[in-house]
file target07.cif (mmCIF, C-alpha atoms)
data_data
#
loop_
_atom_site.group_PDB
_atom_site.id
_atom_site.type_symbol
_atom_site.label_atom_id
_atom_site.label_comp_id
_atom_site.auth_asym_id
_atom_site.auth_seq_id
_atom_site.Cartn_x
_atom_site.Cartn_y
_atom_site.Cartn_z
ATOM 1 C CA MET O 1 -6.359 -46.596 15.252
ATOM 2 C CA ARG O 2 -5.699 -48.167 11.856
ATOM 3 C CA SER O 3 -8.492 -49.248 9.555
ATOM 4 C CA PHE O 4 -8.479 -52.759 8.156
ATOM 5 C CA LYS O 5 -7.324 -51.456 4.781
ATOM 6 C CA ASP O 6 -4.410 -49.550 6.369
ATOM 7 C CA TRP O 7 -3.318 -52.616 8.311
ATOM 8 C CA TRP O 8 -3.739 -55.003 5.359
ATOM 9 C CA ASN O 9 -1.902 -52.826 2.826
ATOM 10 C CA ASN O 10 0.933 -51.744 5.126
ATOM 11 C CA SER O 11 1.556 -54.766 7.371
ATOM 12 C CA VAL O 12 0.702 -57.950 5.472
ATOM 13 C CA PRO O 13 3.300 -58.930 2.845
ATOM 14 C CA SER O 14 1.917 -58.745 -0.696
ATOM 15 C CA ASP O 15 2.653 -62.415 -1.447
ATOM 16 C CA LEU O 16 0.619 -63.442 1.612
ATOM 17 C CA GLN O 17 -2.199 -61.052 0.614
ATOM 18 C CA GLN O 18 -2.352 -62.609 -2.849
ATOM 19 C CA LYS O 19 -2.283 -66.155 -1.486
ATOM 20 C CA ILE O 20 -5.105 -65.464 0.959
ATOM 21 C CA ARG O 21 -7.386 -63.407 -1.304
ATOM 22 C CA LYS O 22 -6.758 -65.093 -4.673
ATOM 23 C CA GLY O 23 -10.052 -65.365 -6.534
ATOM 24 C CA ASP O 24 -11.929 -63.494 -3.794
ATOM 25 C CA GLU O 25 -10.674 -59.958 -4.377
ATOM 26 C CA ASN O 26 -14.110 -58.542 -5.255
ATOM 27 C CA ASN O 27 -15.614 -59.447 -1.873
ATOM 28 C CA LYS O 28 -14.961 -58.146 1.610
ATOM 29 C CA PRO O 29 -12.341 -60.214 3.439
ATOM 30 C CA LEU O 30 -13.605 -63.084 5.553
ATOM 31 C CA LEU O 31 -12.634 -63.524 9.185
ATOM 32 C CA ASN O 32 -11.039 -66.892 8.291
ATOM 33 C CA GLN O 33 -8.767 -65.121 5.789
ATOM 34 C CA ILE O 34 -7.740 -62.606 8.459
ATOM 35 C CA ASN O 35 -7.100 -65.422 10.941
ATOM 36 C CA TYR O 36 -4.850 -67.143 8.398
ATOM 37 C CA ALA O 37 -2.877 -63.908 7.902
ATOM 38 C CA LEU O 38 -2.525 -63.468 11.675
ATOM 39 C CA LEU O 39 -1.318 -67.056 12.070
ATOM 40 C CA GLN O 40 1.263 -66.661 9.292
ATOM 41 C CA LEU O 41 2.525 -63.390 10.783
ATOM 42 C CA HIS O 42 2.760 -65.062 14.208
ATOM 43 C CA LEU O 43 4.604 -68.124 12.881
ATOM 44 C CA SER O 44 7.079 -65.919 11.020
ATOM 45 C CA GLY O 45 7.786 -64.000 14.243
ATOM 46 C CA ASN O 46 6.362 -60.786 12.820
ATOM 47 C CA HIS O 47 4.331 -59.937 15.925
ATOM 48 C CA ASN O 48 4.523 -56.169 15.465
ATOM 49 C CA ALA O 49 2.625 -56.452 12.163
ATOM 50 C CA LYS O 50 -0.497 -57.824 13.839
ATOM 51 C CA PRO O 51 -3.362 -55.426 14.608
ATOM 52 C CA SER O 52 -4.273 -54.647 18.193
ATOM 53 C CA HIS O 53 -7.318 -56.238 19.784
ATOM 54 C CA GLU O 54 -9.182 -52.922 19.455
ATOM 55 C CA GLU O 55 -8.261 -52.565 15.777
ATOM 56 C CA LEU O 56 -9.426 -56.091 14.996
ATOM 57 C CA LYS O 57 -12.658 -55.630 16.942
ATOM 58 C CA ASN O 58 -13.276 -52.358 15.125
ATOM 59 C CA CYS O 59 -12.841 -54.071 11.715
ATOM 60 C CA LEU O 60 -15.497 -56.601 12.637
ATOM 61 C CA HIS O 61 -17.959 -54.171 14.192
ATOM 62 C CA ASN O 62 -17.818 -51.566 11.420
ATOM 63 C CA GLY O 63 -18.315 -54.105 8.615
ATOM 64 C CA GLU O 64 -14.887 -53.976 6.966
ATOM 65 C CA VAL O 65 -14.598 -57.767 7.372
ATOM 66 C CA ASP O 66 -17.312 -60.408 6.911
ATOM 67 C CA VAL O 67 -17.598 -63.058 9.585
ATOM 68 C CA LEU O 68 -19.762 -65.249 7.364
ATOM 69 C CA ARG O 69 -20.761 -65.018 3.735
ATOM 70 C CA MET O 70 -24.093 -66.341 2.592
ATOM 71 C CA ASN O 71 -24.669 -67.384 -1.036
ATOM 72 C CA LYS O 72 -27.578 -65.531 -2.590
#
call {"tool": "encode", "arguments": {"input": "target07.cif", "output": "structure tokens"}}
result
Amino acid sequence: MRSFKDWWNNSVPSDLQQKIRKGDENNKPLLNQINYALLQLHLSGNHNAKPSHEELKNCLHNGEVDVLRMNK
């Protein structure tokens, strides 16, 4: 099973990564950012690049991705 970082670095095109994470690179990715990447991959017909359900669930449960970010 791939980690989030493996999937992100090897499956999401770098231009899409930069567009999604611009200005937010120092924080963990947000679920909304991941959803946007998944939508763009789907719309471009790049279905094989999407993570499996188990991989995505694992990213959320092990803390690699934030579902919500609270301002401190």
call {"tool": "closest_residue", "arguments": {"input": "target07.cif", "among": "O:Asn71, O:Asp66, O:Lys5, O:Gln40", "to": "Asn27 (chain O)", "atoms": "all atoms listed in the file"}}
result
O:Asp66
call {"tool": "closest_residue", "arguments": {"input": "target07.cif", "among": "O:Leu43, O:Ala37, O:Leu30, O:Leu16", "to": "Cys59 (chain O)", "atoms": "all atoms listed in the file"}}
result
O:Leu30
call {"tool": "resolve_selection", "arguments": {"input": "target07.cif", "expression": "the PyMOL selection byres ((chain O and resi 13) around 12)", "output": "compact mmCIF listing (two decimals) with C-alpha atoms, in the coordinates of the input"}}
result
# COMPACT_ATOMS: atom_id res chain seq x y z
CA TRP O 7 -3.32 -52.62 8.31
CA TRP O 8 -3.74 -55.00 5.36
CA ASN O 9 -1.90 -52.83 2.83
CA ASN O 10 0.93 -51.74 5.13
CA SER O 11 1.56 -54.77 7.37
CA VAL O 12 0.70 -57.95 5.47
CA SER O 14 1.92 -58.74 -0.70
CA ASP O 15 2.65 -62.42 -1.45
CA LEU O 16 0.62 -63.44 1.61
CA GLN O 17 -2.20 -61.05 0.61
CA GLN O 18 -2.35 -62.61 -2.85
CA LYS O 19 -2.28 -66.16 -1.49
CA ILE O 20 -5.11 -65.46 0.96
CA ALA O 37 -2.88 -63.91 7.90
CA LEU O 38 -2.52 -63.47 11.68
CA GLN O 40 1.26 -66.66 9.29
CA LEU O 41 2.52 -63.39 10.78
CA SER O 44 7.08 -65.92 11.02
CA ASN O 46 6.36 -60.79 12.82
CA ALA O 49 2.62 -56.45 12.16
CA LYS O 50 -0.50 -57.82 13.84
call {"tool": "residues_around", "arguments": {"input": "target07.cif", "residues": "Glu54 (chain O)", "least_positions_apart": "5", "cutoff": "12 Å", "atoms": "all atoms listed in the file", "output": "PyMOL selection string"}}
result
chain O and resi 1-4+59-62
call {"tool": "atom_distance", "arguments": {"input": "target07.cif", "atom1": "CA of Leu31 (chain O)", "atom2": "CA of Val65 (chain O)"}}
result
6.3 Å
call {"tool": "atom_distance", "arguments": {"input": "target07.cif", "atom1": "CA of Val67 (chain O)", "atom2": "CA of Asp24 (chain O)"}}
result
14.5 Å
call {"tool": "decode", "arguments": {"input": "target07.cif", "residues": "region 27-45 of chain O", "atoms": "N, CA and C atoms", "output": "PDB file, in the first residue's frame"}}
result
ATOM      1  N   ASN O  27       2.266  23.134   5.501  1.00  0.00           N
ATOM      2  CA  ASN O  27       1.248  22.430   6.280  1.00  0.00           C
ATOM      3  C   ASN O  27       0.971  21.061   5.661  1.00  0.00           C
ATOM      4  N   LYS O  28       0.322  20.208   6.461  1.00  0.00           N
ATOM      5  CA  LYS O  28      -0.134  18.936   5.908  1.00  0.00           C
ATOM      6  C   LYS O  28      -1.228  19.239   4.881  1.00  0.00           C
ATOM      7  N   PRO O  29      -1.356  18.401   3.860  1.00  0.00           N
ATOM      8  CA  PRO O  29      -2.418  18.619   2.880  1.00  0.00           C
ATOM      9  C   PRO O  29      -3.799  18.517   3.538  1.00  0.00           C
ATOM     10  N   LEU O  30      -4.722  19.277   3.008  1.00  0.00           N
ATOM     11  CA  LEU O  30      -6.108  19.214   3.458  1.00  0.00           C
ATOM     12  C   LEU O  30      -6.900  18.257   2.579  1.00  0.00           C
ATOM     13  N   LEU O  31      -7.922  17.656   3.143  1.00  0.00           N
ATOM     14  CA  LEU O  31      -8.765  16.739   2.386  1.00  0.00           C
ATOM     15  C   LEU O  31      -9.347  17.426   1.142  1.00  0.00           C
ATOM     16  N   ASN O  32      -9.715  18.694   1.253  1.00  0.00           N
ATOM     17  CA  ASN O  32     -10.253  19.421   0.087  1.00  0.00           C
ATOM     18  C   ASN O  32      -9.224  19.497  -1.046  1.00  0.00           C
ATOM     19  N   GLN O  33      -7.948  19.653  -0.700  1.00  0.00           N
ATOM     20  CA  GLN O  33      -6.900  19.697  -1.715  1.00  0.00           C
ATOM     21  C   GLN O  33      -6.764  18.336  -2.401  1.00  0.00           C
ATOM     22  N   ILE O  34      -6.880  17.273  -1.616  1.00  0.00           N
ATOM     23  CA  ILE O  34      -6.805  15.917  -2.174  1.00  0.00           C
ATOM     24  C   ILE O  34      -8.008  15.668  -3.072  1.00  0.00           C
ATOM     25  N   ASN O  35      -9.186  16.093  -2.626  1.00  0.00           N
ATOM     26  CA  ASN O  35     -10.394  15.926  -3.443  1.00  0.00           C
ATOM     27  C   ASN O  35     -10.254  16.649  -4.782  1.00  0.00           C
ATOM     28  N   TYR O  36      -9.677  17.840  -4.762  1.00  0.00           N
ATOM     29  CA  TYR O  36      -9.476  18.590  -6.002  1.00  0.00           C
ATOM     30  C   TYR O  36      -8.539  17.827  -6.936  1.00  0.00           C
ATOM     31  N   ALA O  37      -7.462  17.258  -6.382  1.00  0.00           N
ATOM     32  CA  ALA O  37      -6.529  16.473  -7.201  1.00  0.00           C
ATOM     33  C   ALA O  37      -7.239  15.267  -7.797  1.00  0.00           C
ATOM     34  N   LEU O  38      -8.044  14.576  -6.987  1.00  0.00           N
ATOM     35  CA  LEU O  38      -8.767  13.396  -7.473  1.00  0.00           C
ATOM     36  C   LEU O  38      -9.742  13.770  -8.587  1.00  0.00           C
ATOM     37  N   LEU O  39     -10.431  14.884  -8.422  1.00  0.00           N
ATOM     38  CA  LEU O  39     -11.365  15.351  -9.452  1.00  0.00           C
ATOM     39  C   LEU O  39     -10.629  15.660 -10.750  1.00  0.00           C
ATOM     40  N   GLN O  40      -9.503  16.368 -10.659  1.00  0.00           N
ATOM     41  CA  GLN O  40      -8.740  16.709 -11.860  1.00  0.00           C
ATOM     42  C   GLN O  40      -8.202  15.459 -12.552  1.00  0.00           C
ATOM     43  N   LEU O  41      -7.734  14.491 -11.781  1.00  0.00           N
ATOM     44  CA  LEU O  41      -7.258  13.237 -12.372  1.00  0.00           C
ATOM     45  C   LEU O  41      -8.410  12.504 -13.055  1.00  0.00           C
ATOM     46  N   HIS O  42      -9.579  12.509 -12.418  1.00  0.00           N
ATOM     47  CA  HIS O  42     -10.761  11.853 -12.998  1.00  0.00           C
ATOM     48  C   HIS O  42     -11.184  12.538 -14.304  1.00  0.00           C
ATOM     49  N   LEU O  43     -11.257  13.867 -14.285  1.00  0.00           N
ATOM     50  CA  LEU O  43     -11.693  14.603 -15.469  1.00  0.00           C
ATOM     51  C   LEU O  43     -10.713  14.469 -16.629  1.00  0.00           C
ATOM     52  N   SER O  44      -9.438  14.266 -16.308  1.00  0.00           N
ATOM     53  CA  SER O  44      -8.445  14.093 -17.377  1.00  0.00           C
ATOM     54  C   SER O  44      -8.363  12.640 -17.849  1.00  0.00           C
ATOM     55  N   GLY O  45      -9.183  11.764 -17.248  1.00  0.00           N
ATOM     56  CA  GLY O  45      -9.203  10.362 -17.662  1.00  0.00           C
ATOM     57  C   GLY O  45      -8.053   9.548 -17.096  1.00  0.00           C
TER      58      GLY O  45
END
